[in-house]
Amino acid sequence: MDLAVQLGLEWGLPILLLVLAYFTGTAVERSHYRSIRVREARTRRMPTTTGRRVPTPWRVTDAGLVAGSVVISLDYFKRFLAGLRGLVGGRVKSYESLLDRARREALLRMKEQASERGFDAVVNVRLETSRLASSQRQGKGTAGVEILAFGTGLKRAS
Amino acid sequence: MTGRDPSGGPTERFEPRLPPDEINVGPTHPLSELATLIAGIAVATLVVVGGGALLVDGVVAHVSPELEARIFGSLFEDETDASDVLHADTARDLLSSLLRHEPGRAQTLRLRVALDDDPNAFALPGGTVVVTSGLLEQVESRNELAFVLAHELGHFEGRHHLRGLGRMVMVHLTLLALVGASGGEALPTTIASLAERGFSRDQEREADAYALALLNLEYGHVGGADHFFRKLPDADAGFARHAAAYLSTHPVTESRIADLAEAARAHGYRVATDLEPL
C-alpha cells in the first residue's frame with residue numbers, strides 16, 4: 001500500500017500538475033486573446049506610433065504621459081516545456097504566446113488610459129520589459145514578466 | 001499617416017488597421033511540441049547511457065579481483081565487524097566452503113557482518129560480502145544462507161558491483177557535462193535512472209542463476225534456495241508491486257521465485273526438502 005502511495009506522490013503529482021496547468025493555461029490564454037481582439041477592434045481608431053514628432057498639421061492643445069502595464073505569470077506547463085527547450089535549444093514557443101499577449105495587453109491599457117484622459121493619439125510609444133524573479137530558486141527562476149508601454153498622449157484642437 | 005490639404009486644415013488619411021493575427025506566435029500546438037521534445041530527449045539519453053554502459057563494461061572487464069582489492073580494499077578496512085552476532089561464524093564457514101568451488105577468488109573475498117535489523121546482503125567493491133544481523137536472525141537453514149551468499153558471489157563473478165559504480169559515475173558526469181544547470185535535467189536523469197534499474201534487474205537475475213548453480217555444486221540439490229524470497233513482504237505481489245516493477249532495482253520477488261523454479265527444472269537440479277540446520 002505504501003509503495004502505491006510513494007509511486008503516486010513521486011510520479012502522479014507532477015504529471016497531474018502538468019495536466020492541470022495545461023488545461024487552465026490554455027483556457028486562460030484563449031479567453032485573454034478573445035478579450036485582446038475585442039479591445040483592439042474598439043481602440044483601433046486611436047493612432048499610436050513610435051514616431052517622436054507631433055503629426056503635422058495637428059494643433060495640439062494638451063499632452064501628457066500615458067502608460068499601461070501588465071504582469072503575466074508562467075504556468076507550470078509552459079515552464080516545463082521551456083525547461084526541455086533549455087536542453088535542446090530553439091524557439092521557446094510556449095513563451096512566445098505569453099509575451100505576445102503581454103505586449104498587446106500593455107499597449108491596449110495605454111490606449112485605454114489615453115482615451116479616458118481625452119487624448120486623441122499617442123506618440124513616441126516605448127515598451128519596457130522586466131522579469132520578476134522567483135523567490136523559490138534563489139532569484140534565478142522566473143515568476144513572471146512585467147511589460148510597460150508608455151508614450152505621449154496628444155489632444156488635438158477640434 | 002497624415003496629409004495636408006491646401007487650406008491648412010487637417011486631412012484624415014489615417015487608416016486604422018488591425019494587426020495580422022498571431023503573427024508573433026508559432027502555429028505549433030504545445031502538446032505536439034511536448035511529445036516531440038520528450039521523445040527526442042528520451043532517445044538521446046538512452047543512446048548516451050547505453051554508450052556509457054558499453055564503455056564501462058569494457059573497462060571493468062580488465063579490472064582483475066586483485067586490482068579491485070588493491071583499489072577499494074582500504075575503503076572498508078576499519079568498519080566495525082560484529083563477529084559475535086548469531087550465526088556469524090556459520091556464515092563465514094559457509095562462505096569459505098562455497099569458495100572452494102571458485103579457487104581463484106578465495107584470497108580476495110571476505111565476509112563482514114553489519115548490525116542492522118533489516119535482512120539484507122550486498123557485495124562491496126574490494127571483495128567484501130556484507131550480511132546484516134537481521135538476515136542472520138531470519139535464516140532457517142544452511143541452504144538458505146548459502147543461497148544468499150552465493151547470490152552475492154554471483155555479483156562479484158559478473159563484476160556487477162563495479163559495473164554499477166562505473167555506470168553511475170559515467171551517467172552523472174555525462175549528463176552534467178551535456179546538460180549543465182539548465183534546469184531541464186529532470187527528464188534525462190529520470191530516463192537514465194529507469195534504464196539503470198533495468199540493467200540492475202538483469203544483474204539480479206544473473207546472480208540468482210549463478211547462485212542456483214553454485215548451490216547445486218555444494219549440496220547436490222537446490223532445496224531451500226527460494227526460502228529467503230518467500231519471507232519477503234512482497235512475495236505475494238499485488239497489483240501495485242507489479243506496476244512498480246519497472247521502477248524497481250530488483251525483479252518482482254514473485255517472478256524471482258518462479259524463475260528459480262524454472263531454472264531448476266531446466267538444469268535438472270533436484271529440489272530436496274532435507275535441509276541442513278544452522
# chains A, B, ... in the order shown; residues from 1 in each chain; ligands from 1
>>> residues_around(residues="segment 94-107 of chain B", least_positions_apart="6", cutoff="10 Å", atoms="only C-alpha atoms", output="ChimeraX atom specification")
/B:65-66,69,88,127,129,142-143,145-147,149-150,153,156-157,214-215,217-219
>>> write_last_selection(atoms="C-alpha atoms", output="tab-separated table (two decimals), in the first residue's frame")
chain	number	residue	atom	x	y	z
B	65	PRO	CA	39.87	-9.12	-8.50
B	66	GLU	CA	43.35	-8.45	-7.18
B	69	ALA	CA	41.04	-5.41	-3.86
B	88	ALA	CA	28.13	-15.11	12.01
B	127	GLY	CA	35.77	-8.09	-2.31
B	129	VAL	CA	30.39	-9.54	1.21
B	142	ARG	CA	22.27	-23.56	5.89
B	143	ASN	CA	20.98	-23.97	2.37
B	145	LEU	CA	22.09	-18.83	3.89
B	146	ALA	CA	24.30	-20.49	1.31
B	147	PHE	CA	21.99	-19.28	-1.45
B	149	LEU	CA	25.98	-15.84	-0.03
B	150	ALA	CA	26.20	-17.50	-3.42
B	153	LEU	CA	29.32	-14.24	-5.09
B	156	PHE	CA	31.31	-10.48	-7.84
B	157	GLU	CA	31.67	-13.04	-10.60
B	214	LEU	CA	26.74	-22.98	-7.03
B	215	LEU	CA	24.22	-24.30	-4.51
B	217	LEU	CA	27.57	-27.90	-6.72
B	218	GLU	CA	27.85	-27.56	-2.96
B	219	TYR	CA	24.91	-29.62	-1.77
>>> closest_atom_pairs(of="chain A", to="chain B", cutoff="10 Å", atoms="only C-alpha atoms", output="CSV")
residue,atom,partner,partner_atom,distance
A:Met1,CA,B:Ala240,CA,7.5
A:Asp2,CA,B:Ala240,CA,9.5
A:Leu3,CA,B:Ala240,CA,7.1
A:Ala4,CA,B:Ala240,CA,5.6
A:Val5,CA,B:Ala240,CA,9.4
A:Leu7,CA,B:Ala244,CA,7.6
A:Tyr22,CA,B:Leu31,CA,8.9
A:Thr26,CA,B:Pro30,CA,9.5
A:Tyr33,CA,B:Glu22,CA,9.6
A:Arg37,CA,B:Leu18,CA,8.8
A:Glu40,CA,B:Leu18,CA,7.1
A:Ala41,CA,B:Leu18,CA,6.8
A:Thr43,CA,B:Pro16,CA,9.3
A:Arg44,CA,B:Pro16,CA,5.6
A:Arg45,CA,B:Pro16,CA,5.6
A:Met46,CA,B:Pro16,CA,7.9
A:Pro47,CA,B:Pro16,CA,7.5
A:Thr48,CA,B:Pro16,CA,9.9
A:Thr49,CA,B:Met1,CA,9.7
A:Pro55,CA,B:Thr2,CA,6.8
A:Thr56,CA,B:Thr2,CA,7.0
A:Pro57,CA,B:Pro10,CA,6.0
A:Trp58,CA,B:Pro10,CA,6.6
A:Arg59,CA,B:Pro10,CA,9.1
A:Phe77,CA,B:Pro30,CA,9.4
A:Lys78,CA,B:Pro30,CA,8.7
A:Arg79,CA,B:Gly184,CA,9.8
A:Phe80,CA,B:Gly184,CA,7.8
A:Leu81,CA,B:Leu34,CA,6.4
A:Ala82,CA,B:Gly184,CA,8.3
A:Gly83,CA,B:Gly184,CA,4.5
A:Leu84,CA,B:Gly184,CA,5.3
A:Arg85,CA,B:Leu37,CA,7.6
A:Gly86,CA,B:Ser182,CA,6.0
A:Leu87,CA,B:Gly184,CA,6.1
A:Val88,CA,B:Ile41,CA,8.0
A:Arg91,CA,B:Gly26,CA,9.2
A:Val92,CA,B:Gly26,CA,9.7
A:Lys93,CA,B:Gly26,CA,6.4
A:Ser94,CA,B:Pro30,CA,6.8
A:Tyr95,CA,B:Val25,CA,9.0
A:Glu96,CA,B:Val25,CA,5.6
A:Ser97,CA,B:Val25,CA,5.2
A:Leu98,CA,B:Val25,CA,8.9
A:Leu99,CA,B:Asn24,CA,8.9
A:Asp100,CA,B:Asn24,CA,6.3
A:Arg101,CA,B:Val25,CA,9.5
A:Gly141,CA,B:Gly183,CA,9.3
A:Ser158,CA,B:Pro10,CA,9.7
>>> residues_around(residues="Glu146 of chain A", least_positions_apart="2", cutoff="8 Å", atoms="only C-alpha atoms", output="JSON, numbers by chain")
{"A": [69, 70, 71, 72, 102, 129, 130, 131, 132, 144, 148]}
>>> write_last_selection(atoms="C-alpha atoms", output="short mmCIF file (atom, residue, chain, number, x, y, z; two decimals), in the first residue's frame")
data_model
loop_
_atom_site.label_atom_id
_atom_site.label_comp_id
_atom_site.auth_asym_id
_atom_site.auth_seq_id
_atom_site.Cartn_x
_atom_site.Cartn_y
_atom_site.Cartn_z
CA SER A 69 1.45 47.88 -17.73
CA VAL A 70 0.65 44.23 -17.23
CA VAL A 71 2.21 41.42 -15.23
CA ILE A 72 1.80 37.94 -16.64
CA ALA A 102 1.57 40.76 -22.58
CA THR A 129 10.12 44.51 -20.13
CA SER A 130 11.10 43.41 -16.65
CA ARG A 131 11.48 39.89 -15.39
CA LEU A 132 10.10 39.22 -11.94
CA GLY A 144 6.51 36.37 -14.30
CA LEU A 148 5.20 48.56 -19.54
#
>>> closest_residue(among="B:Ser141, B:Ser133, B:Gln203, B:Asn216", to="Leu275 of chain B", atoms="only C-alpha atoms")
B:Ser141
>>> select_by_dssp(residues="segment 20-156 of chain A", states="helix (DSSP H, G or I)", output="count of residues only")
60
>>> closest_residue(among="B:Ala272, B:Ile257, B:Val148, B:Leu194", to="Val222 of chain B", atoms="only C-alpha atoms")
B:Ala272
>>> select_by_dssp(residues="segment 43-113 of chain B", states="strand (DSSP E)", output="JSON, numbers by chain")
{"B": [110, 111, 112, 113]}
>>> write_last_selection(atoms="N, CA and C atoms", output="compact mmCIF listing (two decimals), in the first residue's frame")
# COMPACT_ATOMS: atom_id res chain seq x y z
N ARG B 110 36.00 -11.53 1.53
CA ARG B 110 35.85 -11.64 2.98
C ARG B 110 34.39 -11.41 3.33
N LEU B 111 34.05 -11.85 4.51
CA LEU B 111 32.68 -11.63 4.99
C LEU B 111 32.70 -10.59 6.09
N ARG B 112 31.70 -9.71 6.07
CA ARG B 112 31.54 -8.78 7.17
C ARG B 112 30.09 -8.82 7.61
N VAL B 113 29.87 -8.66 8.90
CA VAL B 113 28.51 -8.65 9.41
C VAL B 113 28.18 -7.24 9.84
>>> residues_around(residues="Asp62 of chain A", least_positions_apart="4", cutoff="10 Å", atoms="only C-alpha atoms", output="PyMOL selection string")
chain A and resi 118-120+153-157
>>> write_last_selection(atoms="C-alpha atoms", output="PDB file, in the first residue's frame")
ATOM      1  CA  GLY A 118      -9.383  62.567 -23.573  1.00  0.00           C
ATOM      2  CA  PHE A 119      -6.325  62.222 -25.759  1.00  0.00           C
ATOM      3  CA  ASP A 120      -6.691  61.614 -29.450  1.00  0.00           C
ATOM      4  CA  GLY A 153      -0.832  61.369 -25.348  1.00  0.00           C
ATOM      5  CA  LEU A 154      -1.881  64.278 -27.550  1.00  0.00           C
ATOM      6  CA  LYS A 155      -5.157  66.174 -27.516  1.00  0.00           C
ATOM      7  CA  ARG A 156      -5.987  67.831 -30.744  1.00  0.00           C
ATOM      8  CA  ALA A 157      -7.894  71.016 -31.235  1.00  0.00           C
TER       9      ALA A 157
END
>>> atom_distance(atom1="atom CA of Val169 of chain B", atom2="atom CA of Val56 of chain B")
9.7 Å
>>> atom_distance(atom1="atom CA of Ser134 of chain A", atom2="atom CA of Leu17 of chain A")
18.7 Å
>>> residues_around(residues="Thr24 of chain A", least_positions_apart="4", cutoff="12 Å", atoms="only C-alpha atoms", output="PDB file with N, CA and C atoms, in the first residue's frame")
ATOM      1  N   LEU A  17      -0.156  17.819 -11.987  1.00  0.00           N
ATOM      2  CA  LEU A  17       0.022  19.265 -12.045  1.00  0.00           C
ATOM      3  C   LEU A  17       0.211  19.735 -13.479  1.00  0.00           C
ATOM      4  N   LEU A  18       0.993  18.957 -14.240  1.00  0.00           N
ATOM      5  CA  LEU A  18       1.230  19.331 -15.632  1.00  0.00           C
ATOM      6  C   LEU A  18      -0.075  19.354 -16.424  1.00  0.00           C
ATOM      7  N   VAL A  19      -0.863  18.287 -16.249  1.00  0.00           N
ATOM      8  CA  VAL A  19      -2.126  18.199 -16.993  1.00  0.00           C
ATOM      9  C   VAL A  19      -3.046  19.350 -16.595  1.00  0.00           C
ATOM     10  N   LEU A  20      -3.139  19.589 -15.287  1.00  0.00           N
ATOM     11  CA  LEU A  20      -3.983  20.673 -14.786  1.00  0.00           C
ATOM     12  C   LEU A  20      -3.527  22.012 -15.358  1.00  0.00           C
ATOM     13  N   VAL A  28      -7.054  30.069 -19.996  1.00  0.00           N
ATOM     14  CA  VAL A  28      -6.737  31.465 -19.682  1.00  0.00           C
ATOM     15  C   VAL A  28      -6.247  32.189 -20.924  1.00  0.00           C
ATOM     16  N   GLU A  29      -5.366  31.513 -21.676  1.00  0.00           N
ATOM     17  CA  GLU A  29      -4.789  32.160 -22.856  1.00  0.00           C
ATOM     18  C   GLU A  29      -5.847  32.456 -23.902  1.00  0.00           C
ATOM     19  N   ARG A  30      -6.722  31.471 -24.094  1.00  0.00           N
ATOM     20  CA  ARG A  30      -7.758  31.664 -25.120  1.00  0.00           C
ATOM     21  C   ARG A  30      -8.679  32.826 -24.759  1.00  0.00           C
ATOM     22  N   SER A  31      -9.091  32.894 -23.494  1.00  0.00           N
ATOM     23  CA  SER A  31     -10.016  33.964 -23.119  1.00  0.00           C
ATOM     24  C   SER A  31      -9.311  35.318 -23.159  1.00  0.00           C
ATOM     25  N   LEU A  74       3.934  32.717 -15.656  1.00  0.00           N
ATOM     26  CA  LEU A  74       4.050  31.462 -16.393  1.00  0.00           C
ATOM     27  C   LEU A  74       3.276  30.383 -15.670  1.00  0.00           C
ATOM     28  N   ASP A  75       2.652  29.500 -16.422  1.00  0.00           N
ATOM     29  CA  ASP A  75       2.057  28.353 -15.745  1.00  0.00           C
ATOM     30  C   ASP A  75       3.058  27.186 -15.778  1.00  0.00           C
ATOM     31  N   TYR A  76       2.790  26.193 -14.950  1.00  0.00           N
ATOM     32  CA  TYR A  76       3.703  25.071 -14.735  1.00  0.00           C
ATOM     33  C   TYR A  76       4.026  24.349 -16.040  1.00  0.00           C
ATOM     34  N   PHE A  77       3.004  24.240 -16.888  1.00  0.00           N
ATOM     35  CA  PHE A  77       3.199  23.507 -18.144  1.00  0.00           C
ATOM     36  C   PHE A  77       4.156  24.257 -19.061  1.00  0.00           C
ATOM     37  N   LYS A  78       3.981  25.592 -19.169  1.00  0.00           N
ATOM     38  CA  LYS A  78       4.864  26.397 -20.010  1.00  0.00           C
ATOM     39  C   LYS A  78       6.293  26.341 -19.496  1.00  0.00           C
TER      40      LYS A  78
END
